[in-house]
Amino acid sequence: MTRFTRAAAAAVLACSLALPAALATAGPSVAAPVTTTAPAAAVAPDTARPALPAPTGPYAIGRTVLPLVDRSRTDPWVPTAVGRELMVTLHYPAARPGAGRPAPYATGEEARLLIEALGVGDAVPGDALARMRTHGATDARPAPGRHPLVLLSPGFGGSRWTLSHLAEDLASRGYVVASVDHAYESYGISVPGGRTLTCVACTALDEGGVHASVVTSTRAADMRFVLDRLTGPRPAWRHARVIDARRVGMAGHSIGGASAATAMAADPRIDAGVNMDGAFWEDLSAEGLRGRPFMMLGTHDGTHLPGGQDTSWDRVWPTLDGWKRWVTVAGAEHFTFSDYPVIQDRFGLPGPTLPADRAVAVTRTYVAAFFDRHLRGLARPVLDGPTPDNPEVHFQHR
């Protein structure tokens, strides 16, 4: 049976995690064309659909998708493209439950391409994964008030929907969450016009010798553009008035987490950041993050413990010049901080020693506590040190 190990992580996210050569048994190899035409959706079998874990907050959840194109920039992976193309999913607190169509998890083509890359097609049918039940209602009316904004960036090769359980939970707690797909950096992104953008960047990094810092710096510019379009004078979302532009955070998985630090260094509007198990591909300048808070949340093993194989965490830690935490989770693997534990559990795939329900609970608890503390000014003692309720969680450099 297929197992999501660090070798699988290397295959999907080879340039987002520092791994010893013995573990990097495969690198990303994408021979698919730049764009394809999405086939007709397959007829779903008459079986019960798997579901994402229920959110823990008091709000119902709305969800909408925004296609955005930054025509002021040339795409670094496909210079002939019309601009830098992004797909943004917004999860947000909804005014009331049940007011809208259930939101889909992914498109069939996106799911098919991801499971093909992971090599788990026999165990995880693409149409079944795409139909994973979510808790968002499409285009539901937002809850009144103004809410902090959290930007989410996925791991290299993954798509924005692989952070859905976290996005839904944050929205249920009162955050507007913008999950961003970055053009040509995912195994498959469905975009308007029936097109699918494939991972040209995977080939560029794997075979072309392009350094991964191009990804993090490009994503930082992507997030600047998303912020402009959500909080600027002509917002792309008709309900953008519910966003409190004075309270903005960013989190990401793998290279998306590394991009959070790069984006914060480049954009003072981002007030706080979280790196979930990603190697840093760019050092911070002497200015650091100018006193803004940052948390590193990773595996409790030879990779992301102090002195571990990913030396970038030791190197960046002293340059974080504000409130900071280095938190590690026993039994976790690289994919623990995304939806992959849920996929493993729902489709009967073997996983790490940390059960899926604990992976979900730990990720949600610590990410939400971090943003509650730094975007809302709420006391969150769980960030102060070990707790009996979270025995897997360890604090480094205390």
# chains A, B, ... in the order shown; residues from 1 in each chain; ligands from 1

$ select_by_dssp --residues "segment 57-133 of chain A" --states "strand (DSSP E or B)" --output "number ranges by chain"
A: 60-70, 84-94, 102, 133

$ write_last_selection --atoms "N, CA and C atoms" --output "short mmCIF file (atom, residue, chain, number, x, y, z; two decimals), in the first residue's frame"
data_model
loop_
_atom_site.label_atom_id
_atom_site.label_comp_id
_atom_site.auth_asym_id
_atom_site.auth_seq_id
_atom_site.Cartn_x
_atom_site.Cartn_y
_atom_site.Cartn_z
N ALA A 60 -20.88 29.96 10.85
CA ALA A 60 -21.03 29.24 9.59
C ALA A 60 -20.00 29.80 8.61
N ILE A 61 -19.77 29.09 7.50
CA ILE A 61 -18.68 29.45 6.58
C ILE A 61 -19.23 29.72 5.19
N GLY A 62 -18.80 30.84 4.63
CA GLY A 62 -19.03 31.12 3.22
C GLY A 62 -17.76 30.88 2.43
N ARG A 63 -17.92 30.64 1.13
CA ARG A 63 -16.74 30.41 0.29
C ARG A 63 -16.99 30.96 -1.10
N THR A 64 -16.01 31.64 -1.63
CA THR A 64 -16.08 32.13 -3.00
C THR A 64 -14.70 32.02 -3.63
N VAL A 65 -14.68 31.93 -4.96
CA VAL A 65 -13.42 31.79 -5.70
C VAL A 65 -13.23 33.02 -6.57
N LEU A 66 -12.02 33.61 -6.49
CA LEU A 66 -11.67 34.78 -7.28
C LEU A 66 -10.53 34.46 -8.22
N PRO A 67 -10.74 34.49 -9.53
CA PRO A 67 -9.61 34.42 -10.46
C PRO A 67 -9.00 35.82 -10.60
N LEU A 68 -7.70 35.93 -10.43
CA LEU A 68 -7.02 37.21 -10.52
C LEU A 68 -5.85 37.12 -11.49
N VAL A 69 -5.58 38.20 -12.19
CA VAL A 69 -4.42 38.26 -13.09
C VAL A 69 -3.70 39.58 -12.86
N ASP A 70 -2.43 39.49 -12.50
CA ASP A 70 -1.59 40.67 -12.36
C ASP A 70 -0.90 40.91 -13.70
N ARG A 84 0.63 37.39 -14.48
CA ARG A 84 0.77 36.43 -13.39
C ARG A 84 -0.63 36.04 -12.94
N GLU A 85 -1.02 34.80 -13.22
CA GLU A 85 -2.38 34.33 -12.99
C GLU A 85 -2.47 33.63 -11.64
N LEU A 86 -3.48 34.00 -10.85
CA LEU A 86 -3.68 33.45 -9.52
C LEU A 86 -5.13 33.01 -9.36
N MET A 87 -5.33 31.93 -8.61
CA MET A 87 -6.67 31.53 -8.21
C MET A 87 -6.74 31.65 -6.69
N VAL A 88 -7.74 32.37 -6.20
CA VAL A 88 -7.87 32.66 -4.78
C VAL A 88 -9.21 32.13 -4.29
N THR A 89 -9.18 31.30 -3.26
CA THR A 89 -10.41 30.88 -2.59
C THR A 89 -10.52 31.64 -1.28
N LEU A 90 -11.65 32.29 -1.09
CA LEU A 90 -11.93 33.01 0.14
C LEU A 90 -12.89 32.18 1.00
N HIS A 91 -12.47 31.86 2.22
CA HIS A 91 -13.36 31.33 3.24
C HIS A 91 -13.59 32.46 4.24
N TYR A 92 -14.81 32.60 4.71
CA TYR A 92 -15.12 33.73 5.58
C TYR A 92 -16.31 33.40 6.48
N PRO A 93 -16.46 34.14 7.57
CA PRO A 93 -17.62 33.92 8.44
C PRO A 93 -18.91 34.29 7.71
N ALA A 94 -19.86 33.38 7.70
CA ALA A 94 -21.13 33.63 7.00
C ALA A 94 -22.18 34.12 7.98
N PRO A 102 -23.47 23.85 -1.31
CA PRO A 102 -22.23 23.33 -0.72
C PRO A 102 -21.05 23.58 -1.64
N ARG A 133 -16.52 16.26 1.04
CA ARG A 133 -17.50 17.20 1.56
C ARG A 133 -16.81 18.31 2.38
#

$ residues_around --residues "Trp281 of chain A" --least-positions-apart "4" --cutoff "12 Å" --atoms "only C-alpha atoms" --output "VMD selection string"
chain A and resid 15 to 18 211 to 217 254 to 262 310 to 313 315 to 316

$ atom_distance --atom1 "atom CA of Glu109 of chain A" --atom2 "atom CA of Ala123 of chain A"
16.8 Å

$ residues_around --residues "Trp317 of chain A" --least-positions-apart "5" --cutoff "10 Å" --atoms "only C-alpha atoms" --output "list of chain:residue names"
A:Leu284, A:Phe294, A:Met295, A:Met296, A:Pro306, A:Ser312, A:Lys324, A:Arg325, A:Trp326, A:His397

$ residues_around --residues "Val210 of chain A" --least-positions-apart "4" --cutoff "12 Å" --atoms "only C-alpha atoms" --output "ChimeraX atom specification"
/A:15,76-77,200-206,214-215

$ select_by_dssp --residues "segment 226-383 of chain A" --states "alpha helix (DSSP H)" --output "PyMOL selection string"
chain A and resi 226-231+255-266+311-316+340-346+356-375

$ write_last_selection --atoms "C-alpha atoms" --output "PDB file, in the first residue's frame"
ATOM      1  CA  VAL A 226      -3.716  39.762  -3.610  1.00  0.00           C
ATOM      2  CA  LEU A 227      -3.633  42.246  -0.750  1.00  0.00           C
ATOM      3  CA  ASP A 228      -3.976  45.122  -3.202  1.00  0.00           C
ATOM      4  CA  ARG A 229      -6.997  43.466  -4.829  1.00  0.00           C
ATOM      5  CA  LEU A 230      -8.689  42.634  -1.523  1.00  0.00           C
ATOM      6  CA  THR A 231      -7.993  45.801   0.453  1.00  0.00           C
ATOM      7  CA  ILE A 255       7.672  26.465   0.533  1.00  0.00           C
ATOM      8  CA  GLY A 256       4.448  28.387   1.188  1.00  0.00           C
ATOM      9  CA  GLY A 257       5.568  28.757   4.791  1.00  0.00           C
ATOM     10  CA  ALA A 258       8.996  29.973   3.733  1.00  0.00           C
ATOM     11  CA  SER A 259       7.210  32.450   1.478  1.00  0.00           C
ATOM     12  CA  ALA A 260       5.417  33.884   4.502  1.00  0.00           C
ATOM     13  CA  ALA A 261       8.718  35.204   5.857  1.00  0.00           C
ATOM     14  CA  THR A 262       9.757  36.559   2.454  1.00  0.00           C
ATOM     15  CA  ALA A 263       6.361  38.224   2.001  1.00  0.00           C
ATOM     16  CA  MET A 264       6.519  39.813   5.455  1.00  0.00           C
ATOM     17  CA  ALA A 265       9.989  41.179   4.779  1.00  0.00           C
ATOM     18  CA  ALA A 266       8.729  42.726   1.528  1.00  0.00           C
ATOM     19  CA  THR A 311      19.903  24.097   8.670  1.00  0.00           C
ATOM     20  CA  SER A 312      17.850  27.067   7.482  1.00  0.00           C
ATOM     21  CA  TRP A 313      15.732  27.015  10.661  1.00  0.00           C
ATOM     22  CA  ASP A 314      18.820  27.425  12.841  1.00  0.00           C
ATOM     23  CA  ARG A 315      20.111  30.139  10.523  1.00  0.00           C
ATOM     24  CA  VAL A 316      16.888  32.179  10.389  1.00  0.00           C
ATOM     25  CA  TYR A 340      -2.986  15.039   3.651  1.00  0.00           C
ATOM     26  CA  PRO A 341      -3.618  13.345   7.033  1.00  0.00           C
ATOM     27  CA  VAL A 342      -7.352  13.680   6.355  1.00  0.00           C
ATOM     28  CA  ILE A 343      -6.944  12.177   2.885  1.00  0.00           C
ATOM     29  CA  GLN A 344      -4.890   9.319   4.320  1.00  0.00           C
ATOM     30  CA  ASP A 345      -7.517   8.629   6.958  1.00  0.00           C
ATOM     31  CA  ARG A 346     -10.573   8.923   4.715  1.00  0.00           C
ATOM     32  CA  ALA A 356      -5.144  12.303  11.588  1.00  0.00           C
ATOM     33  CA  ASP A 357      -7.453  13.746  14.213  1.00  0.00           C
ATOM     34  CA  ARG A 358      -4.492  14.885  16.286  1.00  0.00           C
ATOM     35  CA  ALA A 359      -2.700  16.275  13.228  1.00  0.00           C
ATOM     36  CA  VAL A 360      -5.771  18.368  12.445  1.00  0.00           C
ATOM     37  CA  ALA A 361      -6.304  19.455  16.057  1.00  0.00           C
ATOM     38  CA  VAL A 362      -2.679  20.479  16.632  1.00  0.00           C
ATOM     39  CA  THR A 363      -2.408  22.426  13.378  1.00  0.00           C
ATOM     40  CA  ARG A 364      -5.679  24.239  13.970  1.00  0.00           C
ATOM     41  CA  THR A 365      -4.995  24.935  17.638  1.00  0.00           C
ATOM     42  CA  TYR A 366      -1.546  26.482  17.259  1.00  0.00           C
ATOM     43  CA  VAL A 367      -2.140  28.417  14.038  1.00  0.00           C
ATOM     44  CA  ALA A 368      -5.401  29.882  15.343  1.00  0.00           C
ATOM     45  CA  ALA A 369      -3.857  30.689  18.730  1.00  0.00           C
ATOM     46  CA  PHE A 370      -0.978  32.490  17.010  1.00  0.00           C
ATOM     47  CA  PHE A 371      -3.285  34.693  14.946  1.00  0.00           C
ATOM     48  CA  ASP A 372      -5.692  35.225  17.863  1.00  0.00           C
ATOM     49  CA  ARG A 373      -2.783  36.538  19.914  1.00  0.00           C
ATOM     50  CA  HIS A 374      -1.177  38.717  17.274  1.00  0.00           C
ATOM     51  CA  LEU A 375      -4.111  39.909  15.166  1.00  0.00           C
TER      52      LEU A 375
END

$ atom_distance --atom1 "atom CA of Ala245 of chain A" --atom2 "atom CA of Gly158 of chain A"
27.5 Å

$ atom_distance --atom1 "atom CA of Pro142 of chain A" --atom2 "atom CA of Ala236 of chain A"
15.4 Å

$ residues_around --residues "segment 128-131 of chain A" --least-positions-apart "5" --cutoff "6 Å" --atoms "only C-alpha atoms" --output "count of residues only"
5

$ residues_around --residues "Ala167 of chain A" --least-positions-apart "4" --cutoff "9 Å" --atoms "only C-alpha atoms" --output "list of chain:residue names"
A:Leu90, A:His91, A:Tyr92, A:Val150, A:Leu152, A:Trp161, A:Leu163, A:Ala171, A:Ser172, A:Tyr175, A:Val176, A:Val177, A:Ala178, A:Ser179

$ write_last_selection --atoms "C-alpha atoms" --output "mmCIF file, in the first residue's frame"
data_model
loop_
_atom_site.group_PDB
_atom_site.id
_atom_site.type_symbol
_atom_site.label_atom_id
_atom_site.label_comp_id
_atom_site.auth_asym_id
_atom_site.auth_seq_id
_atom_site.Cartn_x
_atom_site.Cartn_y
_atom_site.Cartn_z
ATOM 1 C CA LEU A 90 -11.929 33.008 0.144
ATOM 2 C CA HIS A 91 -13.361 31.331 3.238
ATOM 3 C CA TYR A 92 -15.119 33.729 5.582
ATOM 4 C CA VAL A 150 -5.142 35.454 6.802
ATOM 5 C CA LEU A 152 -2.510 30.926 2.957
ATOM 6 C CA TRP A 161 -7.392 23.313 -1.480
ATOM 7 C CA LEU A 163 -5.089 23.622 3.199
ATOM 8 C CA ALA A 171 -13.132 31.167 8.945
ATOM 9 C CA SER A 172 -15.386 29.543 11.544
ATOM 10 C CA TYR A 175 -11.208 35.216 10.000
ATOM 11 C CA VAL A 176 -11.387 35.927 6.293
ATOM 12 C CA VAL A 177 -8.955 33.458 4.732
ATOM 13 C CA ALA A 178 -7.493 33.877 1.236
ATOM 14 C CA SER A 179 -5.922 30.625 0.001
#

$ closest_residue --among "A:Val78, A:Ala137, A:Val393, A:Ala251" --to "Ala330 of chain A" --atoms "only C-alpha atoms"
A:Val393

$ closest_residue --among "A:Ala221, A:Pro50, A:Asp384, A:Gln309" --to "Val124 of chain A" --atoms "only C-alpha atoms"
A:Pro50

$ residues_around --residues "Arg290 of chain A" --least-positions-apart "5" --cutoff "12 Å" --atoms "only C-alpha atoms" --output "list in words"
Ala261, Met264, Ala265, Ala266, Asp267, Pro268, Arg269, Ile270, Asp271, Ala272, Leu284, Ser285, Thr319, Leu320, Asp321, Gly322 and Trp323 of chain A

$ closest_residue --among "A:Leu383, A:Leu170, A:Val248, A:Leu354" --to "Thr56 of chain A" --atoms "only C-alpha atoms"
A:Leu170

$ decode --residues "segment 55-93 of chain A" --atoms "C-alpha atoms" --output "PDB file, in the first residue's frame"
ATOM      1  CA  PRO A  55     -14.732  23.352  12.003  1.00  0.00           C
ATOM      2  CA  THR A  56     -14.522  24.306  15.671  1.00  0.00           C
ATOM      3  CA  GLY A  57     -15.594  27.956  15.675  1.00  0.00           C
ATOM      4  CA  PRO A  58     -19.031  29.515  16.164  1.00  0.00           C
ATOM      5  CA  TYR A  59     -19.527  30.880  12.641  1.00  0.00           C
ATOM      6  CA  ALA A  60     -21.026  29.243   9.587  1.00  0.00           C
ATOM      7  CA  ILE A  61     -18.682  29.451   6.585  1.00  0.00           C
ATOM      8  CA  GLY A  62     -19.035  31.119   3.216  1.00  0.00           C
ATOM      9  CA  ARG A  63     -16.739  30.413   0.287  1.00  0.00           C
ATOM     10  CA  THR A  64     -16.079  32.132  -2.999  1.00  0.00           C
ATOM     11  CA  VAL A  65     -13.424  31.793  -5.701  1.00  0.00           C
ATOM     12  CA  LEU A  66     -11.669  34.785  -7.275  1.00  0.00           C
ATOM     13  CA  PRO A  67      -9.607  34.424 -10.463  1.00  0.00           C
ATOM     14  CA  LEU A  68      -7.018  37.215 -10.516  1.00  0.00           C
ATOM     15  CA  VAL A  69      -4.425  38.262 -13.091  1.00  0.00           C
ATOM     16  CA  ASP A  70      -1.594  40.675 -12.356  1.00  0.00           C
ATOM     17  CA  ARG A  71      -0.923  42.092 -15.805  1.00  0.00           C
ATOM     18  CA  SER A  72       1.865  44.332 -14.525  1.00  0.00           C
ATOM     19  CA  ARG A  73       4.205  41.354 -14.078  1.00  0.00           C
ATOM     20  CA  THR A  74       5.700  38.749 -16.380  1.00  0.00           C
ATOM     21  CA  ASP A  75       5.186  35.220 -15.152  1.00  0.00           C
ATOM     22  CA  PRO A  76       8.653  33.810 -14.334  1.00  0.00           C
ATOM     23  CA  TRP A  77       7.742  30.299 -15.482  1.00  0.00           C
ATOM     24  CA  VAL A  78       5.797  31.119 -18.664  1.00  0.00           C
ATOM     25  CA  PRO A  79       6.885  34.570 -19.898  1.00  0.00           C
ATOM     26  CA  THR A  80       4.410  34.408 -22.804  1.00  0.00           C
ATOM     27  CA  ALA A  81       1.429  34.239 -20.416  1.00  0.00           C
ATOM     28  CA  VAL A  82      -0.932  37.231 -20.229  1.00  0.00           C
ATOM     29  CA  GLY A  83       0.424  38.084 -16.769  1.00  0.00           C
ATOM     30  CA  ARG A  84       0.771  36.434 -13.388  1.00  0.00           C
ATOM     31  CA  GLU A  85      -2.380  34.331 -12.992  1.00  0.00           C
ATOM     32  CA  LEU A  86      -3.681  33.445  -9.519  1.00  0.00           C
ATOM     33  CA  MET A  87      -6.670  31.534  -8.206  1.00  0.00           C
ATOM     34  CA  VAL A  88      -7.871  32.657  -4.777  1.00  0.00           C
ATOM     35  CA  THR A  89     -10.408  30.878  -2.586  1.00  0.00           C
ATOM     36  CA  LEU A  90     -11.929  33.008   0.144  1.00  0.00           C
ATOM     37  CA  HIS A  91     -13.361  31.331   3.238  1.00  0.00           C
ATOM     38  CA  TYR A  92     -15.119  33.729   5.582  1.00  0.00           C
ATOM     39  CA  PRO A  93     -17.625  33.916   8.442  1.00  0.00           C
TER      40      PRO A  93
END
